[in-house]
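Enquirer: Starting off with a structure, shown below.
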Amino acid sequence: MIPVTLPGAALMAAPVITEEPPAIDYGLLAPMLVIFGAGVVAVIVETAVPQARRRVVQVALTLAAVAAAFVLTVLQVGMLPADEAGATVAFASVAVDRPTLFLQGTILLLGLISLLLIAEHRNGESAFAAQAAAVPGSDEERAHVMAGSQHTEVYPLVLFALLGMQLFPAANDFLTMFIALEVMSLPLYLLCGLARRRRLFSQEAAVKYFLLGAFSSAFFLFGIAMVYGYAGSVNFARIAESIDAGGAGVVENGQPLLLLGIGLVAVGLLFKVGAVPFHNWKPDVYQGAPTPITALMASCTLVAAFGALLRVFGVAFGGAAADWRPMMWIVAILTMVVAAVIAVTQRDVKRLLAYSSVVHAGFILTAVIANTAEGLGGALFYLAAYGFTTIGAFAVITLVRTHENGPEAGDITQWAGLGRTSPLLAGALTLFLLAFAGIPLTSGFIGKFAVFEAAVAADATPLVVVGVLSSAVTAFFYVRIIVQMFFAEPEGDGPTVVKAGAFTGSVIGIGVAATLVLGVYPTPLLAELLPDPGGETPAAAVGFTR
Amino acid sequence: MSALHLAAEAHYTPAVDAGGAVLGGVWLLIALPLLGAAVLLLGGRRTNAWGHWPAIAMSLASFAWGVAALFAMLGRAPDERVIAAKGYEWVAVGDLSLRVDFLLDPLSISFVLLITGVGSLIHIYSVGYMAHDDDRRRFFGYLNLFVAAMLLLVLADNYAVLFIGWEGVGLASYLLIGFWQAKPSAAAAAKKAFLVNRVGDLGLLIAIMLMFTTFGSVAFSDVFTGLDGASQGVLTAIGLLLLLGACGKSAQLPLQSWLLDAMEGPTPVSALIHAATMVTAGVYLIVRSGLVFQAAPAAQLAVAVVGAATLLAGAIIGCAKDDIKKALAGSTMSQIGYMTLAAGLGPIGYAAAIAHLITHGFFKAGLFLGAGSVMHGMNDEVDMRKYGGLARSMPITFATFGAGYLAIIGVPFLSGWWTKEGIIQAAFDVGGTQGQVLGWATLLGAGLTAFYMSRIMFMTFFGAKRWDDGVHPHESPASMTGPMVVLAVGSLGLGALLVFNYAFAGFLAPVVGEPHHEFDLAHMLTSPYSLIALGVMVVGVGFAWLRYGRAAVPREAPKGNFVTVAARNELYGNAINEGLLMRPGQVLTKALVAIDTHVVDGLVNKVGTGVRDGSEGLRRTQSGFARTYALTMLFGAAIVVAALAVRI
């Protein structure tokens, strides 16, 4: 009988079946396991703890778990081998290296701060609907509001979302990454629909986010299939090897397959970071979602999504950079220009910040395009700096209302005169806006400088020119808010500022401190992230592990 | 010129690392008052009731730390007294590495003690002086801010950080001159000070940029050790630009015009910022950059000439002003002219300049506080023609003001005599025509000083009472007289302490070079120039006594001859500025405005409306329909794939 060889069977490297259980280094997975475990416990808490005490238990559990995971993540940095980038765990499906740990640590820290906003209670009212299942405006809803019902399910949902965000930039093969993407996104879809006020609006945002998210996942998955067809593997290191070798021999002339795969995977990831033309969801969702959830998405999700984007395009597709650069150029330029231009005529503060987030994504894309160690370090710094500032800005938004016990003041004309009634709050927001605009002595300046510097070093000067021009446009609408707050005559009594609770107050305080400290004294963090010019650290220890 | 280079061999002393907590923690000197300012300015109305106490505490704590640092420094060998206290790297980009490091050496510690010492006294004085002001807390916040910025200026170890301090004191000065901003004159004065200083600041900024391009660094150590590699032209340019910066901050010709208007600020501010400390920053800059000026003799000569011209101009203005604060401001200009002149003499003048700067800090601050005390008792009247005979109503003010007066006119063995004598001597020591011209200018200035100060003294404290109705002069509270007494003691004794045996010059030697000859008290007393100085002082006082002591002072100013009129008009400095700069400037502005509205704005507005129209158009893509969004995404995916497809 003629031996039958399956096409590509040798390349698939079928796992050797043994009787030994696989050795998995659970130590390196500990932070994720902690969050996962806490999420499971939080679900049990929902059923086991009486309603009256549930919120307190959930808040304590969630904060403790996130803090513990953060501490574990920090401890892991010391556990990495000094001369290597990092290690892979569980059949190389998860990579633990320095950039990943930085991303995870940032996500957990920003998540912790967002949780403070989420947990904020004012007169027994949170930012979330009393009973999400009740039809908006119905008697049932009113009854729940009167009864003081609350959705403590928010906390396990946030924990699961955080788990997905942790795994997303750590995933070392496409399947794990896809699972992480869904674990991260599904809770967020739900959370977006839970706003206490303007509930229809919030639900609409959630449905839109869900539909478009599913659409983009389809692209992503299709792209994975293409890449698998080209490389015969979904593992990033194997894909990189195939690209370096000019194909894996699975198919003849696989270049179109690879390029199509890169393009479709890019669509999925660019959707998550909100780059133009995959940004449409951002303004609607940011505006409709409860503001603490918007803060969570604008900081943590962006960090996770960029972490994944940097790893996929740096590690898996790094060898094909010449192929995907022109595409990224187009997307980056579109993102920086279109979002900045649209933002000029926005009137709602949350929408404005959504567009601002899109523009910032464009700036960080310039570092992705650089595809160098400097670019990676600059992007990581940018993400951390932006995360703190943006949470602070959304925290301010939660406090400014149209009237006592009223909804948040969305339209910027309603913000007129805030500088006179609440100078400290307006001052904090001014600082955040100046950081968004990239004014020196704020973290935004250093971050922008770092990514643009990396882009120039990688011969992407025209991109930087576009970026600087776009910053000039964005400065216009940031300053317009400042002008509104400090120099415009308020209509009537001006906005009402509800008293900041301890949680919200500390969030704003942390935002101000981080924005200033990272602007005035960024050196320790930058030195940690950027490659050592003296070359003392071995080159292998910089960047993602392969 | 030979004498100029007498001690010109490079006296650059490399810095050693700070050991120990006191010297290593020198950043606390700045951080403490900065913290005070932050608490007061951010704390808002909540801190109104008690805000001035932490402000005083921060200033005093900074002073105490400064004293501890002085003793730590004195415990070291002289060549180890230039101490570098590492801060952190601020910006590191390509070739540019900016560090926030501090340099603590005999020169900077002298300033630290002057700033925090006199500063603390003036903080205390202000508690009483500003007691009835609703905004006292804000005032103290600004004062603390000033102290922090001034300390940053003198402790910086590179020009970039120095510049931050330089701008910081400028900001504090602006805020404090315009403190009573409800008064249009105060607001205008603040604006004027700001604008004039901007010219000087630009000079300093360009000098710093030139240094960076020439030496590749703006650190003192790199600039001073790299001077050999630079061309004469560049060095002269740097020197002249530094001088321009110094002129702005120190109110030297031709940027002097803001100082007299700055007297609109509260009097403690005039004492601290516009007499004792900030206005001397220019002298600090020149002495600190001494090695640059030694390598550029032309720029150095310009420094001396500017100093000589200002010392005479200031004195002449001081002779004619009836506003007590403006007369004292003229005097400040003149005295800083002395220091600038000395600083323009090179190493032989540096120690003299700084010594005079410090004694001047004491007696001039004392005089201003005295003036403030008089105003306090006279319902804020500043016109000396409405004073007279106040010695009896305000004995402590009279005594302390008198001490400052005797010191500034150079009565032997009081502070001013010791240090001014040093400058006169140094000027003549230069030799040649240059030395003669500069020397005689200092002597003429000494005579004028004696005249205008005696005039102030006689018009204020002696003679008939010319008070307005309803004015009941009274002595000020202890919180005000206390600091005045301390400053008076300094006015009397500090000079001897500094100059005797050239103790201070020896202390400064690691920075400015060794004193060029032995100390000789007999020579100081009997040299022809010191006798002449004594003579012109007696003539000045006597002439003032004839005019303002023996003769009655009219309540209305007489018309006066053309010199008096010119001096009253500040030697037409404002008119010159107006004719030479303001009017042409206005014409230029109008022309530019026309071009701006018709050409630039047209263009910009086109771009602006273009962006807005584009924005309106693009907004329509944000329709709110998920189906449209999905279509956009599909379209985007097509673009992405197409952009990749070209690579096949």
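Each chain in the structure tokens gets a letter, A, B and so on, in the order shown; residues start at 1 in every chain, and ligands are counted from 1 in the order they appear.
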Could you write out as a ChimeraX atom specification the residues of chain A within 8 Å of chain B, counting only C-alpha atoms?
Expert: /A:208,211-212,215,255-256,259-260,263-264,267,276-278,280-281,284,323-324,326-327,331,338,341-345,424,520-523
Enquirer: DSSP on the backbone, then: every residue of range 126-325 of chain B marked strand (DSSP E or B), written as a list in words.
Expert: Ala156, Asn158, Ala219 and Asp323 of chain B
Enquirer: Calculate how many Å separate CA of Pro169 in chain A from CA of Ala379 in chain A, rounding to one decimal.
Expert: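 Pair CA of Pro169 in chain A / CA of Ala379 in chain A returns 13.4 Å.
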Enquirer: Counting only C-alpha atoms, figure out which residue out of A:Gly378, A:Gly447, A:Pro283, A:Gly406 gets nearest to Glu125 in chain A.
Expert: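 Once distances to Glu125 in chain A are computed over only C-alpha atoms, the minimum belongs to A:Gly406.
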Enquirer: If we count only C-alpha atoms, what is near range 491-506 of chain B at a cut-off of 6 Å, once residues fewer than 4 positions away on the same chain are taken out, given as a PyMOL selection string?
Expert: chain B and resi 351+362-363+404+407+414-415+418+519
Enquirer: So which one's closest to Ala186 in chain B, B:Ala207, B:Phe462, B:Ala262, B:Pro254? Using only C-alpha atoms, please.
Expert: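 Closest to Ala186 in chain B of all the choices is B:Ala262.
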Enquirer: Can you work out the spacing between CA of Val471 in chain B and CA of Pro268 in chain B in Å, to one decimal?
Expert: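 Straight-line distance from CA of Val471 in chain B to CA of Pro268 in chain B works out to 22.1 Å.
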Enquirer: Determine which residues of range 14-198 of chain A DSSP labels as helix (DSSP H, G or I) from the backbone of this structure, then write them out as a VMD selection string.
Expert: chain A and resid 26 to 48 51 to 79 98 to 119 139 to 147 154 to 170 174 to 192
Enquirer: Neighbours of range 25-30 of chain B within 6 Å (only C-alpha atoms; same-chain residues fewer than 5 positions away dropped), as a compact mmCIF listing (two decimals) with C-alpha atoms, in the first residue's frame?
Expert:
# COMPACT_ATOMS: atom_id res chain seq x y z
CA SER B 62 14.35 76.96 54.56
CA ALA B 148 11.13 79.08 45.99
CA LEU B 151 16.24 79.76 45.41
Enquirer: I want to know what sits within 8 Å of range 539-543 of chain B, based on only C-alpha atoms, with residues of the same chain fewer than 5 positions away left out; could you give that as a count of residues only?
Expert: 6
Enquirer: Show me, as a list in words, the residues that have an atom within 8 Å of range 459-461 of chain A when counting only C-alpha atoms, minus same-chain residues fewer than 4 positions from it.
Expert: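 Listed by chain and then number, they are Thr366, Ala370, Ala455 and Val465 of chain A.
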Enquirer: Store the residues picked out above in a file with N, CA and C atoms, as a compact mmCIF listing (two decimals), in the first residue's frame.
Expert:
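Ended up saving to part-v5.txt:
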# COMPACT_ATOMS: atom_id res chain seq x y z
N THR A 366 1.49 55.38 15.18
CA THR A 366 2.79 55.75 14.58
C THR A 366 3.90 54.93 15.22
N ALA A 370 6.51 52.19 13.57
CA ALA A 370 7.96 52.21 13.74
C ALA A 370 8.48 50.79 13.92
N ALA A 455 8.90 57.21 15.76
CA ALA A 455 8.45 57.20 14.36
C ALA A 455 9.47 57.90 13.47
N VAL A 465 4.58 64.57 10.97
CA VAL A 465 4.09 65.90 10.57
C VAL A 465 2.57 65.92 10.64
Enquirer: What gap, in Å, lies between CA of Gly239 in chain B and CA of Ala343 in chain B?
Expert: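 Taking CA of Gly239 in chain B and CA of Ala343 in chain B, their separation equals 12.6 Å.
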Enquirer: Quick one: everything within 8 Å of range 270-273 of chain B, counting only C-alpha atoms, minus sequence neighbours fewer than 6 positions away in the same chain. Send it as an MDAnalysis selection string.
Expert: chainID B and resid 118:119 122 173 262:263 279 364:369
Enquirer: Those residues with N, CA and C atoms, as a compact mmCIF listing (two decimals), in the first residue's frame please?
Expert:
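Wrote it out as out29.txt, contents follow:
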# COMPACT_ATOMS: atom_id res chain seq x y z
N VAL B 118 16.41 87.49 54.81
CA VAL B 118 15.63 88.72 54.63
C VAL B 118 14.19 88.36 54.27
N GLY B 119 14.06 87.29 53.49
CA GLY B 119 12.71 86.86 53.11
C GLY B 119 11.86 86.53 54.32
N ILE B 122 10.77 89.59 56.13
CA ILE B 122 9.72 90.33 55.43
C ILE B 122 8.39 89.57 55.48
N SER B 173 7.05 88.33 40.70
CA SER B 173 7.15 89.80 40.71
C SER B 173 5.93 90.41 40.02
N ALA B 262 7.10 99.71 39.51
CA ALA B 262 6.86 98.50 40.29
C ALA B 262 6.55 98.82 41.74
N MET B 263 6.79 100.07 42.14
CA MET B 263 6.52 100.44 43.53
C MET B 263 5.02 100.46 43.83
N VAL B 279 15.93 91.83 42.12
CA VAL B 279 16.62 92.75 41.21
C VAL B 279 18.13 92.56 41.23
N LYS B 364 18.78 98.24 52.40
CA LYS B 364 17.71 98.72 51.54
C LYS B 364 16.38 98.09 51.94
N ALA B 365 16.41 96.81 52.31
CA ALA B 365 15.17 96.19 52.80
C ALA B 365 14.71 96.94 54.05
N GLY B 366 15.67 97.27 54.93
CA GLY B 366 15.32 98.02 56.14
C GLY B 366 14.71 99.37 55.80
N LEU B 367 15.30 100.06 54.81
CA LEU B 367 14.76 101.37 54.42
C LEU B 367 13.34 101.23 53.88
N PHE B 368 13.13 100.22 53.04
CA PHE B 368 11.78 100.04 52.49
C PHE B 368 10.78 99.69 53.57
N LEU B 369 11.18 98.81 54.47
CA LEU B 369 10.26 98.47 55.54
C LEU B 369 9.97 99.70 56.38
Enquirer: So, with only C-alpha atoms as the atoms that count, which of A:Thr106, A:Thr474, A:Gln166, A:Gln131 lies closest to Leu434 in chain A?
Expert: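 Of the candidates, the smallest distance to Leu434 in chain A is held by A:Thr474.
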Enquirer: Restricting the calculation to only C-alpha atoms, which member of A:Asn253, A:Ala454, A:Gly392, A:Ser149 is positioned closest to Leu296 in chain A?
Expert: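 Under the stated criterion, the closest residue is A:Gly392.
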